[in-house]
Structures are given as C-alpha cells and as structure tokens.
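Visitor: Here it is: the structure, laid out below.
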Amino acid sequence: QVQLVESGGGLVQAGGSLRLSCVAFGRPLSYYAMGWFRQAPGKAREFVAALSQSGGNTDYSVSVRGRFTTSLNDAKNTMWLQMNNLAPEDTAVYCCAGKLITGTFQSRMAFTNPAQYTSWGQGTQVTVSS
C-alpha cells in the first residue's frame with residue numbers, strides 16, 4: 001500500500017497562491033490514478049482535481065477550474081496542486097488520494113468520486129484570509 005504525504009499548506013491572503021505537494025512512499029506513483037480533495041469545517045469532502053495514471057488526463061471541479069492546476073512527475077513520485085487567485089471559500093484541509101490502477105481500461109480515467117480511492121494522505125491546511 002502506498003503512503004501519501006502532503007505539504008505546502010499555509011495562510012495566504014485572498015488573491016494569493018500556494019503550491020501543494022503530495023509525495024508517494026512505498027509504491028511507485030505510476031501505479032495510481034491520483035486526486036485532490038478538500039474538506040472545510042462542517043462540510044462534506046469535496047472533489048478538487050484528478051489525474052489519470054501518469055497524468056495523461058485531468059479533471060477539475062467547476063469551482064477551481066481556471067485557477068488550480070494539478071500535475072505529477074512519476075520519476076519524483078510527486079504530485080502538485082498549484083492554486084492561484086485563492087479565495088476565502090477555498091479554505092479547507094486538502095488531501096491527496098490514490099487509486100490503484102488494475103487494467104488498461106482504467107489507465108486513462110480521472111476519478112472524481114472519493115469512494116473510488118483507497119489511499120489517502122493526512123491532509124494539509126489551507127487558510128485564505130479576506
């Protein structure tokens with residue numbers, strides 16, 4: 001089972017930027033489709049962005065499309081989430097997640113449902129002040 005560790009969260013003013021990292025340990029990142037999710041206090045977990053295996057395809061939630069960009073580097077076993085033009089409503093704990101890919105059919109899919117993921121990081125707090 002892969003272990004995922006996020007970093008890069010912090011406090012930023014509205015309009016600012018942050019770059020989150022997610023490093024995989026124990027198994028190659030290339031085995032997985034990856035995703036970013038966030039959860040604000042009192043709210044359900046929300047899909048943010050997803051990458052198919054090796055990053056060939058991406059998907060974003062409507063709320064972050066055009067502001068956030070996700071990418072990965074298999075050689076570095078690392079995925080990133082570049083967040084620009086941040087707003088107070090982006091305040092949340094951000095988690096990366098991995099779904100083990102078991103067949104060619106799944107290899108091009110970017111998964112948006114958190115129930116499809118089996119490996120999760122501990123999360124990193126992002127706070128955006130107005």
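The way I read the labels, and the way they are meant: chains A, B, ... in the order of the structure tokens, residue 1 as the first residue of every chain, and ligand 1 as the first ligand shown, with later ones counted on from there.
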Give me the residues near Val64 (chain A) as a PyMOL selection string, where near means some atom within 10 Å (using only C-alpha atoms) and where sequence neighbours in that chain fewer than 6 positions away do not count.
Guide: chain A and resi 47-49+83-86+90
Visitor: Can you pull out every residue within 8 Å of region 103-120 of chain A, counting only C-alpha atoms, but drop anything in the same chain fewer than 5 positions away, and send it as a count of residues only?
Guide: 22
Visitor: Ranking A:Ser61, A:Tyr94, A:Gly8, A:Leu18 by minimum distance to Gly121 (chain A) and counting only C-alpha atoms, which one comes first?
Guide: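 Answer, going by the shortest atom-to-atom distance: A:Tyr94.
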Visitor: Could you write out, as a PyMOL selection string, all the residues of chain A that DSSP marks as helix (DSSP H, G or I)?
Guide: chain A and resi 29-31+53-55+74-76+88-90+104-108+114-116
Visitor: Give me a file of those residues, with C-alpha atoms, as a PDB file, in the first residue's frame.
Guide:
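Final output, again34.pdb:
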```
ATOM      1  CA  LEU A  29       3.110   6.804  -8.096  1.00  0.00           C
ATOM      2  CA  SER A  30       2.830   5.447 -11.642  1.00  0.00           C
ATOM      3  CA  TYR A  31       0.684   2.569 -10.339  1.00  0.00           C
ATOM      4  CA  GLN A  53      -2.445   7.253 -14.338  1.00  0.00           C
ATOM      5  CA  SER A  54       0.804   9.050 -15.186  1.00  0.00           C
ATOM      6  CA  GLY A  55      -1.127  12.299 -15.612  1.00  0.00           C
ATOM      7  CA  ASP A  74       6.425   9.769 -11.845  1.00  0.00           C
ATOM      8  CA  ALA A  75      10.223   9.879 -11.574  1.00  0.00           C
ATOM      9  CA  LYS A  76       9.931  12.092  -8.467  1.00  0.00           C
ATOM     10  CA  PRO A  88     -11.703  32.588   1.350  1.00  0.00           C
ATOM     11  CA  GLU A  89     -14.068  29.829   0.213  1.00  0.00           C
ATOM     12  CA  ASP A  90     -11.005  27.751  -0.728  1.00  0.00           C
ATOM     13  CA  THR A 104      -5.802  -0.737 -19.305  1.00  0.00           C
ATOM     14  CA  PHE A 105      -9.396   0.474 -19.295  1.00  0.00           C
ATOM     15  CA  GLN A 106      -8.851   2.407 -16.076  1.00  0.00           C
ATOM     16  CA  SER A 107      -5.486   3.834 -17.077  1.00  0.00           C
ATOM     17  CA  ARG A 108      -6.975   6.856 -18.872  1.00  0.00           C
ATOM     18  CA  PRO A 114     -13.683   9.931  -3.247  1.00  0.00           C
ATOM     19  CA  ALA A 115     -15.160   6.470  -2.652  1.00  0.00           C
ATOM     20  CA  GLN A 116     -13.083   5.202  -5.565  1.00  0.00           C
TER      21      GLN A 116
END
```
Visitor: Return as a ChimeraX atom specification the full set of residues in chain A whose backbone-based DSSP assignment is strand (DSSP E).
Guide: /A:3-7,10-13,18-25,32-39,46-51,58-60,68-73,78-83,92-100,119-120,124-129
Visitor: Could those selected residues go to a file with C-alpha atoms, as a CSV table (one decimal), in the first residue's frame?
Guide:
```
chain,number,residue,atom,x,y,z
A,3,GLN,CA,1.7,6.1,1.7
A,4,LEU,CA,0.9,9.7,0.7
A,5,VAL,CA,2.3,12.8,2.4
A,6,GLU,CA,1.1,16.3,1.6
A,7,SER,CA,2.8,19.6,2.3
A,10,GLY,CA,-0.5,27.6,5.0
A,11,LEU,CA,-2.1,31.0,5.4
A,12,VAL,CA,-2.4,33.3,2.4
A,13,GLN,CA,-4.4,36.4,1.6
A,18,LEU,CA,0.0,28.3,-2.9
A,19,ARG,CA,1.6,25.1,-4.2
A,20,LEU,CA,0.7,21.8,-2.5
A,21,SER,CA,2.8,18.7,-2.9
A,22,CYS,CA,1.9,15.1,-2.4
A,23,VAL,CA,4.8,12.6,-2.2
A,24,ALA,CA,4.2,8.8,-2.5
A,25,PHE,CA,6.2,6.3,-0.5
A,32,TYR,CA,-2.1,5.0,-9.4
A,33,ALA,CA,-4.6,7.5,-10.6
A,34,MET,CA,-4.5,10.4,-8.3
A,35,GLY,CA,-6.8,13.0,-6.9
A,36,TRP,CA,-7.1,16.1,-4.7
A,37,PHE,CA,-10.0,16.6,-2.3
A,38,ARG,CA,-10.7,19.2,0.3
A,39,GLN,CA,-12.9,19.4,3.4
A,46,GLU,CA,-15.3,17.9,-2.0
A,47,PHE,CA,-13.6,16.9,-5.2
A,48,VAL,CA,-11.0,19.4,-6.4
A,49,ALA,CA,-8.9,17.8,-9.2
A,50,ALA,CA,-7.9,14.4,-10.6
A,51,LEU,CA,-5.2,12.9,-12.7
A,58,THR,CA,-7.1,15.7,-15.8
A,59,ASP,CA,-10.4,16.8,-14.4
A,60,TYR,CA,-11.3,19.8,-12.2
A,68,PHE,CA,-5.9,25.4,-10.0
A,69,THR,CA,-3.6,23.2,-11.9
A,70,THR,CA,-2.5,19.7,-11.0
A,71,SER,CA,0.4,17.8,-12.3
A,72,LEU,CA,2.7,14.9,-11.4
A,73,ASN,CA,6.2,13.6,-12.0
A,78,THR,CA,5.3,13.5,-6.6
A,79,MET,CA,2.1,15.3,-7.5
A,80,TRP,CA,1.4,19.0,-7.1
A,81,LEU,CA,-1.6,21.3,-6.9
A,82,GLN,CA,-0.8,24.8,-8.0
A,83,MET,CA,-3.5,27.1,-6.6
A,92,ALA,CA,-10.1,23.7,3.8
A,93,VAL,CA,-7.9,20.8,4.6
A,94,TYR,CA,-6.6,19.5,1.3
A,95,CYS,CA,-5.8,15.8,0.9
A,96,CYS,CA,-4.3,13.8,-1.9
A,97,ALA,CA,-5.6,10.3,-2.7
A,98,GLY,CA,-4.5,7.4,-4.9
A,99,LYS,CA,-6.5,4.7,-6.7
A,100,LEU,CA,-4.5,1.6,-7.7
A,119,SER,CA,-5.1,5.5,-0.2
A,120,TRP,CA,-5.2,8.9,1.5
A,124,THR,CA,-2.6,19.9,4.8
A,125,GLN,CA,-4.5,23.1,6.0
A,126,VAL,CA,-5.0,25.9,3.6
A,127,THR,CA,-6.4,29.1,5.0
A,128,VAL,CA,-7.3,32.1,2.8
A,129,SER,CA,-7.9,35.4,4.6
```
